[in-house]
2 protein chains.
Amino acid sequence: MIVALCGGVGGSKLVVGLYKTLPPDSLTVVVNTADDLKLWGLNISPDLDTVSYTLAGIARRDVGWGIEDDTFHALEMLARFGLPAWFRVGDRDLATDIFRTHELRRGRTLSAITADICSALAVRAHVVPMTDSSVSTRLLVDSQWLNFQDYFVRRRHSDPVDAVQYGGIEHASPAPSVVDSITQAECIVLVNSNPVLSILPILAVPGLREAIAHASCPRVAVSPIVGTDAVTGPAGELMRLLGHPSSATGVAEAYQGLIDGLIIDVQDRIQERAIRDRGLAVLCTDTLMRNEQDRVRLASEAIGFARSLS
Amino acid sequence: MIVALCGGVGGSKLVVGLYKTLPPDSLTVVVNTADDLKLWGLNISPDLDTVSYTLAGIARRDVGWGIEDDTFHALEMLARFGLPAWFRVGDRDLATDIFRTHELRRGRTLSAITADICSALAVRAHVVPMTDSSVSTRLLVDSQWLNFQDYFVRRRHSDPVDAVQYGGIEHASPAPSVVDSITQAECIVLVNSNPVLSILPILAVPGLREAIAHASCPRVAVSPIVGTDAVTGPAGELMRLLGHPSSATGVAEAYQGLIDGLIIDVQDRIQERAIRDRGLAVLCTDTLMRNEQDRVRLASEAIGFARSLS
């Protein structure tokens, strides 16, 4: 069993590559839920849904989130009723939120509901939230703590961030099976999601950092930073916030003690030595995923790289 | 101010006629809520929405409920998740349910929320639920109490009914302004909705029957029964259940003490004498509403008839 740690759109590209590379049922994806939000009375889990839709082959090809060919009729009507409509939920996507909210209110757990959603979408990977508890990433912008989606979607991650916190993380515990999956994994892949917004919240769930630090299998990460910035999104700036450079080397620092190997882009070959000096194996390859073929290739390389380290 | 008592599709046709006949802001519609249901965790008020959509001019022209040109993408997805999909809620219509549910959970009343919905849809009539409390019509079918929508929509009102009850009605109180509207009305119109399923639940809210019985203004009803059956729906069978004949005369009996005049169809002219003998004024006219023109004509005749009784 391969375990991948993943956020939303960026990381799910590599996850779908892993899914297509591996035998069915042999991939567990532990997904960030610190971006989750409550809107219009509904429980929305953007990263979980992005991963599930992407694995199901129904994600929007243009933006990566939401469902292909979805309509936005409910959203238009919600706006007419004066509700906020900046978070773009399509009609089919909305049904997932209604289902999740309804089942949560019935007392079921997010992990059980996510398994149902994947089953309904014929996804055979095990998609698991990092926790069944509520965790909320908040960002300090101009002396004000913003909720994640407010910062990321409404303000288009354009504001300088002074601090990040994962609200509620101290009371969270890993979702059932997450620690066991890590303990029993053949290898662990920290995909190319934003370290600060996607991977570190997962690692901050009490017990998960330790489980990965003490895992006996090989653990590799794919650097989301190429050159001095992320392929998309604000990963670069947020790395600097943690005191790490915005570079593949900075990613190596951020994951210190948690990975055995780092996959970096060929453009960053010059950093290979510095990363090796930190005790990590390095694979230099083309990490940009322009299409399906790239995803599968990078996923195969990542698994081959990890296996070579065992 | 004219007050109309109304259910869903059938009655809303006459209500829209009244709305177009009267000056804006001078129509109050007291709407049955005993058909309301909770589905997928959402609070659905079919009759309120049918009246609001019809007055807003956005109701489906083919069936009368829902919103014209709506899509059903969320419903298809809910079905994929294993949720019941026999109650057909379109995507735009779903937004109304999400808004209502969200506002109810915030502690607002159904009447306040309904006012917001009408305002958003630019409806200038006062559409008011009969009560802000929860009331549920149940029908005894084959020794089993069915919820209203289960009987009406899922089973297409095809089962013989042995009894009807309005669950929770004894704890309900009229929504704010309903009794005042009745007391201060220029006239009251019980529209051609199903007496047992739409009008009698309104009258069964403690205080409302008395308010209408003691109102000093003229009160008229439009018979939903033409010949021996309703134009649509199970009104005929349910009249017999109450011990009244399925006829205009039966309607006169059901509303005994609550109305001063009854509008019956020209086809039922033969019953005019029997109804007059019950102390009621009678207007014989064409009560079938095939189009907008019919609705406005019948509404004008109803108001003229009522005014003639003052």
# chains A, B, ... in the order shown; residues from 1 in each chain; ligands from 1
>>> closest_atom_pairs(of="chain B", to="chain A", cutoff="6 Å", atoms="only C-alpha atoms", output="Markdown table")
| residue | atom | partner | partner_atom | distance |
| --- | --- | --- | --- | --- |
| B:Trp40 | CA | A:His102 | CA | 5.9 |
| B:Gly41 | CA | A:His102 | CA | 5.1 |
| B:His73 | CA | A:Arg92 | CA | 5.3 |
| B:Ala74 | CA | A:Arg92 | CA | 4.4 |
| B:Met77 | CA | A:Arg92 | CA | 5.8 |
| B:Leu78 | CA | A:Ala95 | CA | 5.5 |
| B:Phe81 | CA | A:Ala120 | CA | 5.7 |
| B:Asp91 | CA | A:Ala74 | CA | 5.0 |
| B:Arg92 | CA | A:Ala74 | CA | 4.4 |
| B:Ala95 | CA | A:Ala74 | CA | 4.9 |
| B:His102 | CA | A:Gly41 | CA | 5.1 |
| B:Ala120 | CA | A:Phe81 | CA | 5.7 |
>>> residues_around(residues="Val178 of chain B", least_positions_apart="4", cutoff="8 Å", atoms="only C-alpha atoms", output="count of residues only")
5
>>> closest_residue(among="A:Arg138, A:Arg240, A:Lys13, A:Arg307", to="Tyr53 of chain A", atoms="only C-alpha atoms")
A:Lys13
>>> closest_residue(among="A:Ala112, A:Ala204, A:Leu37, A:Leu190", to="Val153 of chain A", atoms="only C-alpha atoms")
A:Leu37
>>> atom_distance(atom1="atom CA of Asp229 of chain B", atom2="atom CA of Phe87 of chain B")
25.6 Å
>>> select_by_dssp(residues="segment 226-286 of chain B", states="alpha helix (DSSP H)", output="JSON list (two decimals) with all heavy atoms, in the first residue's frame")
[["chain", "number", "residue", "atom", "x", "y", "z"],
["B", 235, "ALA", "N", -58.97, 15.79, -4.44],
["B", 235, "ALA", "CA", -59.90, 16.51, -3.56],
["B", 235, "ALA", "C", -61.23, 15.79, -3.42],
["B", 235, "ALA", "O", -61.81, 15.72, -2.33],
["B", 235, "ALA", "CB", -60.13, 17.94, -4.08],
["B", 236, "GLY", "N", -61.72, 15.20, -4.52],
["B", 236, "GLY", "CA", -63.02, 14.55, -4.49],
["B", 236, "GLY", "C", -63.08, 13.42, -3.49],
["B", 236, "GLY", "O", -63.91, 13.40, -2.57],
["B", 237, "GLU", "N", -62.16, 12.49, -3.61],
["B", 237, "GLU", "CA", -62.14, 11.34, -2.71],
["B", 237, "GLU", "C", -62.04, 11.79, -1.25],
["B", 237, "GLU", "O", -62.71, 11.24, -0.36],
["B", 237, "GLU", "CB", -60.97, 10.43, -3.05],
["B", 237, "GLU", "CG", -60.97, 9.17, -2.19],
["B", 237, "GLU", "CD", -59.61, 8.50, -2.09],
["B", 237, "GLU", "OE1", -58.83, 8.60, -3.05],
["B", 237, "GLU", "OE2", -59.35, 7.89, -1.03],
["B", 238, "LEU", "N", -61.18, 12.79, -1.01],
["B", 238, "LEU", "CA", -60.95, 13.21, 0.36],
["B", 238, "LEU", "C", -62.17, 13.92, 0.95],
["B", 238, "LEU", "O", -62.41, 13.86, 2.16],
["B", 238, "LEU", "CB", -59.70, 14.09, 0.43],
["B", 238, "LEU", "CG", -58.40, 13.34, 0.07],
["B", 238, "LEU", "CD1", -57.23, 14.30, -0.05],
["B", 238, "LEU", "CD2", -58.09, 12.25, 1.10],
["B", 239, "MET", "N", -63.00, 14.59, 0.11],
["B", 239, "MET", "CA", -64.24, 15.19, 0.58],
["B", 239, "MET", "C", -65.16, 14.11, 1.15],
["B", 239, "MET", "O", -65.76, 14.27, 2.21],
["B", 239, "MET", "CB", -64.97, 15.89, -0.58],
["B", 239, "MET", "CG", -64.30, 17.15, -1.08],
["B", 239, "MET", "SD", -64.33, 18.49, 0.13],
["B", 239, "MET", "CE", -66.10, 18.80, 0.16],
["B", 240, "ARG", "N", -65.27, 13.01, 0.41],
["B", 240, "ARG", "CA", -66.12, 11.91, 0.86],
["B", 240, "ARG", "C", -65.65, 11.36, 2.20],
["B", 240, "ARG", "O", -66.46, 10.96, 3.04],
["B", 240, "ARG", "CB", -66.13, 10.79, -0.21],
["B", 240, "ARG", "CG", -66.99, 11.12, -1.42],
["B", 240, "ARG", "CD", -67.08, 9.95, -2.40],
["B", 240, "ARG", "NE", -65.87, 9.84, -3.22],
["B", 240, "ARG", "CZ", -65.76, 10.34, -4.45],
["B", 240, "ARG", "NH1", -66.76, 10.96, -5.03],
["B", 240, "ARG", "NH2", -64.63, 10.19, -5.13],
["B", 241, "LEU", "N", -64.33, 11.39, 2.38],
["B", 241, "LEU", "CA", -63.74, 10.93, 3.64],
["B", 241, "LEU", "C", -64.26, 11.72, 4.83],
["B", 241, "LEU", "O", -64.42, 11.20, 5.93],
["B", 241, "LEU", "CB", -62.22, 11.10, 3.51],
["B", 241, "LEU", "CG", -61.33, 10.61, 4.62],
["B", 241, "LEU", "CD1", -61.34, 9.10, 4.67],
["B", 241, "LEU", "CD2", -59.89, 11.09, 4.37],
["B", 248, "ALA", "N", -69.82, 20.62, -5.50],
["B", 248, "ALA", "CA", -69.82, 22.00, -5.03],
["B", 248, "ALA", "C", -70.63, 22.11, -3.73],
["B", 248, "ALA", "O", -70.25, 22.84, -2.81],
["B", 248, "ALA", "CB", -70.40, 22.92, -6.10],
["B", 249, "THR", "N", -71.71, 21.35, -3.65],
["B", 249, "THR", "CA", -72.52, 21.36, -2.42],
["B", 249, "THR", "C", -71.71, 20.83, -1.24],
["B", 249, "THR", "O", -71.80, 21.34, -0.12],
["B", 249, "THR", "CB", -73.78, 20.50, -2.63],
["B", 249, "THR", "OG1", -74.43, 20.93, -3.83],
["B", 249, "THR", "CG2", -74.74, 20.64, -1.46],
["B", 250, "GLY", "N", -70.91, 19.80, -1.51],
["B", 250, "GLY", "CA", -70.03, 19.26, -0.47],
["B", 250, "GLY", "C", -69.05, 20.31, 0.02],
["B", 250, "GLY", "O", -68.76, 20.40, 1.23],
["B", 251, "VAL", "N", -68.53, 21.13, -0.91],
["B", 251, "VAL", "CA", -67.60, 22.21, -0.54],
["B", 251, "VAL", "C", -68.33, 23.22, 0.36],
["B", 251, "VAL", "O", -67.79, 23.67, 1.38],
["B", 251, "VAL", "CB", -67.02, 22.89, -1.79],
["B", 251, "VAL", "CG1", -66.16, 24.10, -1.41],
["B", 251, "VAL", "CG2", -66.21, 21.89, -2.61],
["B", 252, "ALA", "N", -69.58, 23.54, -0.03],
["B", 252, "ALA", "CA", -70.38, 24.45, 0.80],
["B", 252, "ALA", "C", -70.53, 23.89, 2.22],
["B", 252, "ALA", "O", -70.43, 24.64, 3.20],
["B", 252, "ALA", "CB", -71.76, 24.65, 0.16],
["B", 253, "GLU", "N", -70.74, 22.60, 2.34],
["B", 253, "GLU", "CA", -70.84, 21.97, 3.66],
["B", 253, "GLU", "C", -69.54, 22.06, 4.44],
["B", 253, "GLU", "O", -69.51, 22.38, 5.63],
["B", 253, "GLU", "CB", -71.21, 20.49, 3.51],
["B", 253, "GLU", "CG", -72.63, 20.24, 3.05],
["B", 253, "GLU", "CD", -72.93, 18.74, 2.83],
["B", 253, "GLU", "OE1", -72.13, 17.90, 3.31],
["B", 253, "GLU", "OE2", -73.94, 18.45, 2.19],
["B", 254, "ALA", "N", -68.43, 21.79, 3.73],
["B", 254, "ALA", "CA", -67.12, 21.77, 4.40],
["B", 254, "ALA", "C", -66.77, 23.15, 4.96],
["B", 254, "ALA", "O", -66.09, 23.24, 5.98],
["B", 254, "ALA", "CB", -66.03, 21.30, 3.43],
["B", 272, "GLU", "N", -77.10, 25.19, -7.52],
["B", 272, "GLU", "CA", -77.17, 26.55, -6.99],
["B", 272, "GLU", "C", -78.23, 26.68, -5.90],
["B", 272, "GLU", "O", -77.97, 27.22, -4.82],
["B", 272, "GLU", "CB", -77.46, 27.53, -8.15],
["B", 272, "GLU", "CG", -77.45, 28.98, -7.71],
["B", 272, "GLU", "CD", -77.45, 29.95, -8.90],
["B", 272, "GLU", "OE1", -77.27, 29.50, -10.06],
["B", 272, "GLU", "OE2", -77.65, 31.15, -8.65],
["B", 273, "ARG", "N", -79.40, 26.15, -6.16],
["B", 273, "ARG", "CA", -80.52, 26.25, -5.22],
["B", 273, "ARG", "C", -80.17, 25.60, -3.87],
["B", 273, "ARG", "O", -80.36, 26.18, -2.80],
["B", 273, "ARG", "CB", -81.78, 25.59, -5.83],
["B", 273, "ARG", "CG", -82.95, 25.42, -4.88],
["B", 273, "ARG", "CD", -83.46, 26.77, -4.31],
["B", 273, "ARG", "NE", -83.97, 27.65, -5.33],
["B", 273, "ARG", "CZ", -85.24, 27.67, -5.76],
["B", 273, "ARG", "NH1", -86.14, 26.87, -5.23],
["B", 273, "ARG", "NH2", -85.62, 28.50, -6.70],
["B", 274, "ALA", "N", -79.59, 24.37, -3.94],
["B", 274, "ALA", "CA", -79.24, 23.64, -2.71],
["B", 274, "ALA", "C", -78.23, 24.41, -1.87],
["B", 274, "ALA", "O", -78.31, 24.41, -0.63],
["B", 274, "ALA", "CB", -78.68, 22.25, -3.07],
["B", 275, "ILE", "N", -77.33, 25.08, -2.55],
["B", 275, "ILE", "CA", -76.30, 25.84, -1.83],
["B", 275, "ILE", "C", -76.91, 27.11, -1.22],
["B", 275, "ILE", "O", -76.63, 27.46, -0.07],
["B", 275, "ILE", "CB", -75.10, 26.15, -2.75],
["B", 275, "ILE", "CG1", -74.45, 24.82, -3.22],
["B", 275, "ILE", "CG2", -74.07, 27.01, -2.04],
["B", 275, "ILE", "CD1", -73.43, 24.97, -4.34],
["B", 276, "ARG", "N", -77.78, 27.77, -2.01],
["B", 276, "ARG", "CA", -78.48, 28.96, -1.48],
["B", 276, "ARG", "C", -79.29, 28.58, -0.24],
["B", 276, "ARG", "O", -79.40, 29.35, 0.71],
["B", 276, "ARG", "CB", -79.42, 29.55, -2.54],
["B", 276, "ARG", "CG", -78.69, 30.30, -3.64],
["B", 276, "ARG", "CD", -79.67, 31.17, -4.44],
["B", 276, "ARG", "NE", -79.09, 31.59, -5.70],
["B", 276, "ARG", "CZ", -78.26, 32.63, -5.81],
["B", 276, "ARG", "NH1", -77.95, 33.35, -4.75],
["B", 276, "ARG", "NH2", -77.75, 32.95, -6.99]]
>>> residues_around(residues="Ser158 of chain B", least_positions_apart="5", cutoff="9 Å", atoms="only C-alpha atoms", output="JSON, numbers by chain")
{"B": [151, 152, 234]}
>>> residues_around(residues="Glu170 of chain A", least_positions_apart="6", cutoff="9 Å", atoms="only C-alpha atoms", output="CSV table (one decimal) with C-alpha atoms, in the first residue's frame")
chain,number,residue,atom,x,y,z
A,135,VAL,CA,-9.5,22.3,11.9
A,204,ALA,CA,0.3,19.1,12.6
A,205,VAL,CA,-2.5,16.7,13.5
A,206,PRO,CA,-1.3,15.3,16.8
>>> closest_residue(among="A:Cys6, A:Leu309, A:Leu280, A:Leu197", to="Ser216 of chain A", atoms="only C-alpha atoms")
A:Leu309
>>> select_by_dssp(residues="segment 216-265 of chain A", states="strand (DSSP E)", output="ChimeraX atom specification")
/A:219-222,225-226,229-230,261-265
>>> write_last_selection(atoms="N, CA and C atoms", output="mmCIF file, in the first residue's frame")
data_model
loop_
_atom_site.group_PDB
_atom_site.id
_atom_site.type_symbol
_atom_site.label_atom_id
_atom_site.label_comp_id
_atom_site.auth_asym_id
_atom_site.auth_seq_id
_atom_site.Cartn_x
_atom_site.Cartn_y
_atom_site.Cartn_z
ATOM 1 N N ARG A 219 10.242 7.321 2.516
ATOM 2 C CA ARG A 219 9.321 8.463 2.436
ATOM 3 C C ARG A 219 9.934 9.495 1.500
ATOM 4 N N VAL A 220 9.168 9.854 0.495
ATOM 5 C CA VAL A 220 9.683 10.843 -0.461
ATOM 6 C C VAL A 220 8.695 11.990 -0.592
ATOM 7 N N ALA A 221 9.219 13.143 -1.010
ATOM 8 C CA ALA A 221 8.349 14.291 -1.288
ATOM 9 C C ALA A 221 8.650 14.783 -2.695
ATOM 10 N N VAL A 222 7.671 15.427 -3.293
ATOM 11 C CA VAL A 222 7.881 16.084 -4.575
ATOM 12 C C VAL A 222 7.826 17.584 -4.305
ATOM 13 N N ILE A 225 7.938 23.584 -5.409
ATOM 14 C CA ILE A 225 8.617 24.818 -5.808
ATOM 15 C C ILE A 225 9.657 24.509 -6.868
ATOM 16 N N VAL A 226 9.549 25.225 -7.967
ATOM 17 C CA VAL A 226 10.474 25.088 -9.087
ATOM 18 C C VAL A 226 11.092 26.466 -9.280
ATOM 19 N N ASP A 229 9.727 29.786 -7.073
ATOM 20 C CA ASP A 229 8.305 29.939 -6.760
ATOM 21 C C ASP A 229 7.525 28.669 -7.075
ATOM 22 N N ALA A 230 6.311 28.618 -6.576
ATOM 23 C CA ALA A 230 5.458 27.467 -6.845
ATOM 24 C C ALA A 230 4.965 27.541 -8.283
ATOM 25 N N GLY A 261 13.854 11.098 0.748
ATOM 26 C CA GLY A 261 14.258 11.545 -0.575
ATOM 27 C C GLY A 261 13.357 12.668 -1.055
ATOM 28 N N LEU A 262 13.917 13.535 -1.912
ATOM 29 C CA LEU A 262 13.141 14.655 -2.458
ATOM 30 C C LEU A 262 13.266 14.638 -3.979
ATOM 31 N N ILE A 263 12.128 14.801 -4.629
ATOM 32 C CA ILE A 263 12.132 14.891 -6.091
ATOM 33 C C ILE A 263 12.087 16.372 -6.452
ATOM 34 N N ILE A 264 13.084 16.808 -7.193
ATOM 35 C CA ILE A 264 13.153 18.219 -7.573
ATOM 36 C C ILE A 264 13.147 18.323 -9.093
ATOM 37 N N ASP A 265 12.839 19.505 -9.571
ATOM 38 C CA ASP A 265 12.760 19.703 -11.008
ATOM 39 C C ASP A 265 14.158 19.823 -11.607
#
